[in-house]
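**Student:** You'll find final.csv just under this line, and it carries CSV, C-alpha atoms.
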```csv
chain,number,residue,atom,x,y,z
K,1392,MET,CA,123.0,86.8,126.8
K,1393,THR,CA,121.1,89.2,129.1
K,1394,ASN,CA,124.5,90.5,130.3
K,1395,LEU,CA,125.3,91.4,126.7
K,1396,LEU,CA,122.0,93.2,126.3
K,1397,ASP,CA,122.5,95.0,129.6
K,1398,ARG,CA,126.0,96.1,128.6
K,1399,ARG,CA,124.7,97.5,125.3
K,1400,TYR,CA,121.9,99.3,127.1
K,1401,LEU,CA,124.2,100.7,129.8
K,1402,GLU,CA,126.6,102.1,127.1
K,1403,ASN,CA,123.7,104.0,125.6
K,1404,LYS,CA,122.7,105.6,129.0
K,1405,LYS,CA,119.5,106.9,127.7
K,1406,GLN,CA,116.1,106.2,129.1
K,1407,PRO,CA,116.9,103.4,131.6
K,1408,ALA,CA,113.2,102.8,132.3
K,1409,ILE,CA,112.5,101.6,128.7
K,1410,ARG,CA,115.7,99.6,128.6
K,1411,MET,CA,115.2,97.9,131.9
K,1412,THR,CA,111.5,97.2,131.2
K,1413,THR,CA,112.5,95.6,127.9
K,1414,GLY,CA,115.1,93.5,129.8
K,1415,GLY,CA,112.6,92.4,132.4
K,1416,LEU,CA,110.2,91.5,129.6
K,1417,PHE,CA,112.9,89.5,127.9
K,1418,LEU,CA,113.8,87.7,131.2
K,1419,GLY,CA,110.1,86.8,131.7
K,1420,LEU,CA,109.7,85.5,128.1
K,1421,LEU,CA,112.8,83.3,128.6
K,1422,HIS,CA,110.7,81.3,131.1
K,1423,LEU,CA,108.4,80.3,128.3
K,1424,SER,CA,110.9,77.5,127.6
K,1425,ASN,CA,109.6,75.8,130.7
K,1426,LEU,CA,106.4,74.9,128.7
K,1427,THR,CA,108.2,71.8,127.5
K,1428,PHE,CA,108.0,70.1,130.9
K,1429,GLN,CA,105.3,71.9,133.0
K,1430,SER,CA,101.8,73.2,132.8
K,1431,VAL,CA,100.8,76.4,131.1
K,1432,ASP,CA,99.5,77.9,134.4
K,1433,VAL,CA,102.8,77.3,136.3
K,1434,THR,CA,104.8,78.6,133.3
K,1435,MET,CA,102.7,81.8,133.0
K,1436,GLN,CA,103.1,82.5,136.7
K,1437,GLN,CA,106.9,82.1,136.3
K,1438,VAL,CA,106.8,84.5,133.3
K,1439,PHE,CA,104.8,87.0,135.4
K,1440,TYR,CA,107.1,87.0,138.4
K,1441,ALA,CA,110.3,86.8,136.4
K,1442,LEU,CA,109.2,89.9,134.5
K,1443,ILE,CA,108.6,91.7,137.8
K,1444,LEU,CA,111.7,90.4,139.5
K,1445,GLY,CA,113.7,91.5,136.4
K,1446,LEU,CA,112.4,95.0,136.9
K,1447,ALA,CA,113.1,95.0,140.6
K,1448,LEU,CA,116.7,93.7,140.0
K,1449,SER,CA,117.1,96.5,137.4
K,1450,PHE,CA,116.0,99.0,140.0
K,1451,ILE,CA,118.5,97.5,142.5
K,1452,ARG,CA,121.2,97.6,139.7
K,1453,ILE,CA,120.7,101.4,139.2
K,1454,LEU,CA,120.3,102.1,142.9
K,1455,THR,CA,123.5,100.4,143.9
K,1456,ASN,CA,125.5,101.0,140.7
K,1457,GLY,CA,126.7,97.4,140.9
K,1458,LEU,CA,125.7,93.8,140.1
K,1459,TRP,CA,126.6,92.0,143.3
K,1460,VAL,CA,123.4,92.8,145.3
K,1461,GLY,CA,121.2,91.6,142.4
K,1462,ILE,CA,123.3,88.5,141.9
K,1463,LEU,CA,123.0,87.6,145.5
K,1464,LEU,CA,119.2,88.2,145.5
K,1465,HIS,CA,118.8,86.2,142.3
K,1466,SER,CA,120.8,83.3,143.8
K,1467,LEU,CA,118.6,83.3,146.9
K,1468,ILE,CA,115.5,83.1,144.7
K,1469,ASP,CA,117.1,80.2,142.8
K,1470,PHE,CA,117.8,78.2,145.9
K,1471,GLN,CA,114.3,78.3,147.3
K,1472,PRO,CA,113.0,74.9,148.4
K,1473,THR,CA,110.4,74.5,145.7
K,1474,ILE,CA,113.0,74.8,143.0
K,1475,ALA,CA,115.4,72.4,144.7
K,1476,THR,CA,112.7,69.8,145.1
K,1477,GLY,CA,111.3,70.2,141.6
K,1478,GLY,CA,107.9,71.5,142.9
K,1479,SER,CA,105.9,72.9,140.1
K,1480,ALA,CA,102.4,73.4,141.5
K,1481,ALA,CA,100.6,76.6,140.5
K,1482,THR,CA,100.1,79.2,143.1
K,1483,ASN,CA,96.9,81.1,143.7
K,1484,TRP,CA,96.9,84.1,141.2
K,1485,GLY,CA,95.4,86.3,143.9
K,1486,SER,CA,98.3,85.9,146.3
K,1487,LEU,CA,100.8,86.2,143.5
K,1488,LEU,CA,99.3,89.5,142.4
K,1489,LEU,CA,99.1,90.7,146.0
K,1490,ILE,CA,102.9,90.1,146.4
K,1491,PHE,CA,104.2,91.1,143.0
K,1492,LEU,CA,102.0,94.0,141.8
K,1493,PRO,CA,103.3,96.4,144.5
K,1494,LEU,CA,106.8,95.5,143.6
K,1495,PHE,CA,106.0,96.0,139.9
K,1496,VAL,CA,104.5,99.5,140.6
K,1497,ILE,CA,107.4,100.6,142.8
K,1498,SER,CA,110.0,99.3,140.3
K,1499,LEU,CA,108.4,101.0,137.4
K,1500,LEU,CA,107.9,104.3,139.2
K,1501,TRP,CA,111.5,104.3,140.4
K,1502,LEU,CA,112.8,103.5,136.9
K,1503,TRP,CA,110.7,106.3,135.5
K,1504,PHE,CA,112.1,108.7,138.2
K,1505,ALA,CA,115.6,107.6,137.3
K,1506,ASP,CA,114.9,108.4,133.6
K,1507,ARG,CA,113.7,111.8,134.5
K,1508,LEU,CA,116.8,112.5,136.7
K,1509,LEU,CA,119.2,111.3,134.0
K,1510,LEU,CA,117.5,113.4,131.3
K,1511,LYS,CA,117.4,116.4,133.5
K,1512,LYS,CA,121.1,116.0,134.3
K,1513,LYS,CA,121.9,115.8,130.6
K,1514,GLY,CA,119.6,118.8,129.8
K,1515,GLU,CA,117.5,116.7,127.4
K,1516,THR,CA,113.7,116.3,127.1
K,1517,PRO,CA,112.1,112.8,127.4
K,1518,PHE,CA,111.7,110.8,124.2
K,1519,SER,CA,113.9,113.1,122.2
```
Would you mind writing the file's structure down as structure tokens?

**Tutor:**
Amino acid sequence: MTNLLDRRYLENKKQPAIRMTTGGLFLGLLHLSNLTFQSVDVTMQQVFYALILGLALSFIRILTNGLWVGILLHSLIDFQPTIATGGSAATNWGSLLLIFLPLFVISLLWLWFADRLLLKKKGETPFS
């Protein structure tokens, strides 16, 4: 489903930052389905880092102009030991923020920069 959304966004080729942020938000919200079998705290942490990793993978998608690097990174994340063993303990929010907020800021800034480059190349103004 996210592939269909991504394909639709890529065909439009306008304002990748908005499209990719929406995709990251969608990816994060998909993790709300985990509320059926784990605590709210653990699920909210998954929503938080899925949103940020969605942005980072979007950044990598634009940077490499391909899907394979993002697919490989996502696979490595999915095969981490806590997922394989079914560990679902909440992490300290402070350490989670320390790790993921810089990634969030870098991804958003780069996507914003990519927007500006694309619009400048097309000779358009932002939000037209």

**Student:** Take atom CA of K:Gly1457 and atom CA of K:Gly1445 and report the distance between them in Å, one decimal.

**Tutor:** 15.0 Å

**Student:** Between atom CA of K:Tyr1440 and atom CA of K:Leu1458, what distance in Å does the model show, to one decimal?

**Tutor:**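 Atom-to-atom, atom CA of K:Tyr1440 to atom CA of K:Leu1458, that is 19.9 Å.
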
**Student:** For each of K:Ile1443, K:Leu1509, K:Leu1502, K:Leu1426, take the minimum atom-to-atom distance to K:Arg1410, counting all atoms listed in the file, then give the residue where this is smallest.

**Tutor:** K:Leu1502

**Student:** Hey, can you pull every residue with an atom no more than 9 Å from (100.3, 78.2, 137.3), using only C-alpha atoms, and send it as a list in words?

**Tutor:** Ser1430, Val1431, Asp1432, Val1433, Thr1434, Met1435, Gln1436, Gln1437, Ser1479, Ala1480, Ala1481, Thr1482, Asn1483 and Trp1484 of chain K

**Student:** For a quick check of understanding, using only C-alpha atoms, which of K:Trp1459, K:Phe1417, K:Phe1428, K:Trp1501 has the smallest distance to K:Ala1447?

**Tutor:**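 Looking at the shortest contact to K:Ala1447, the residue is K:Trp1501.
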
**Student:** K:Ser1466, K:Asn1425, K:Ser1486, K:Ser1498: which is nearest K:Leu1446, counting all atoms listed in the file?

**Tutor:** K:Ser1498

**Student:** Do you have the atom CA of K:Ile1468-atom CA of K:Arg1452 distance handy?

**Tutor:**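 Going from atom CA of K:Ile1468 over to atom CA of K:Arg1452 covers 16.4 Å.
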
**Student:** Kindly indicate which residue among K:Gln1429, K:Ser1449, K:Thr1455, K:Ser1424 lies nearest to K:Trp1503, using all atoms listed in the file for the distances.

**Tutor:**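 Residue with the minimum atom-to-atom distance to K:Trp1503: K:Ser1449.
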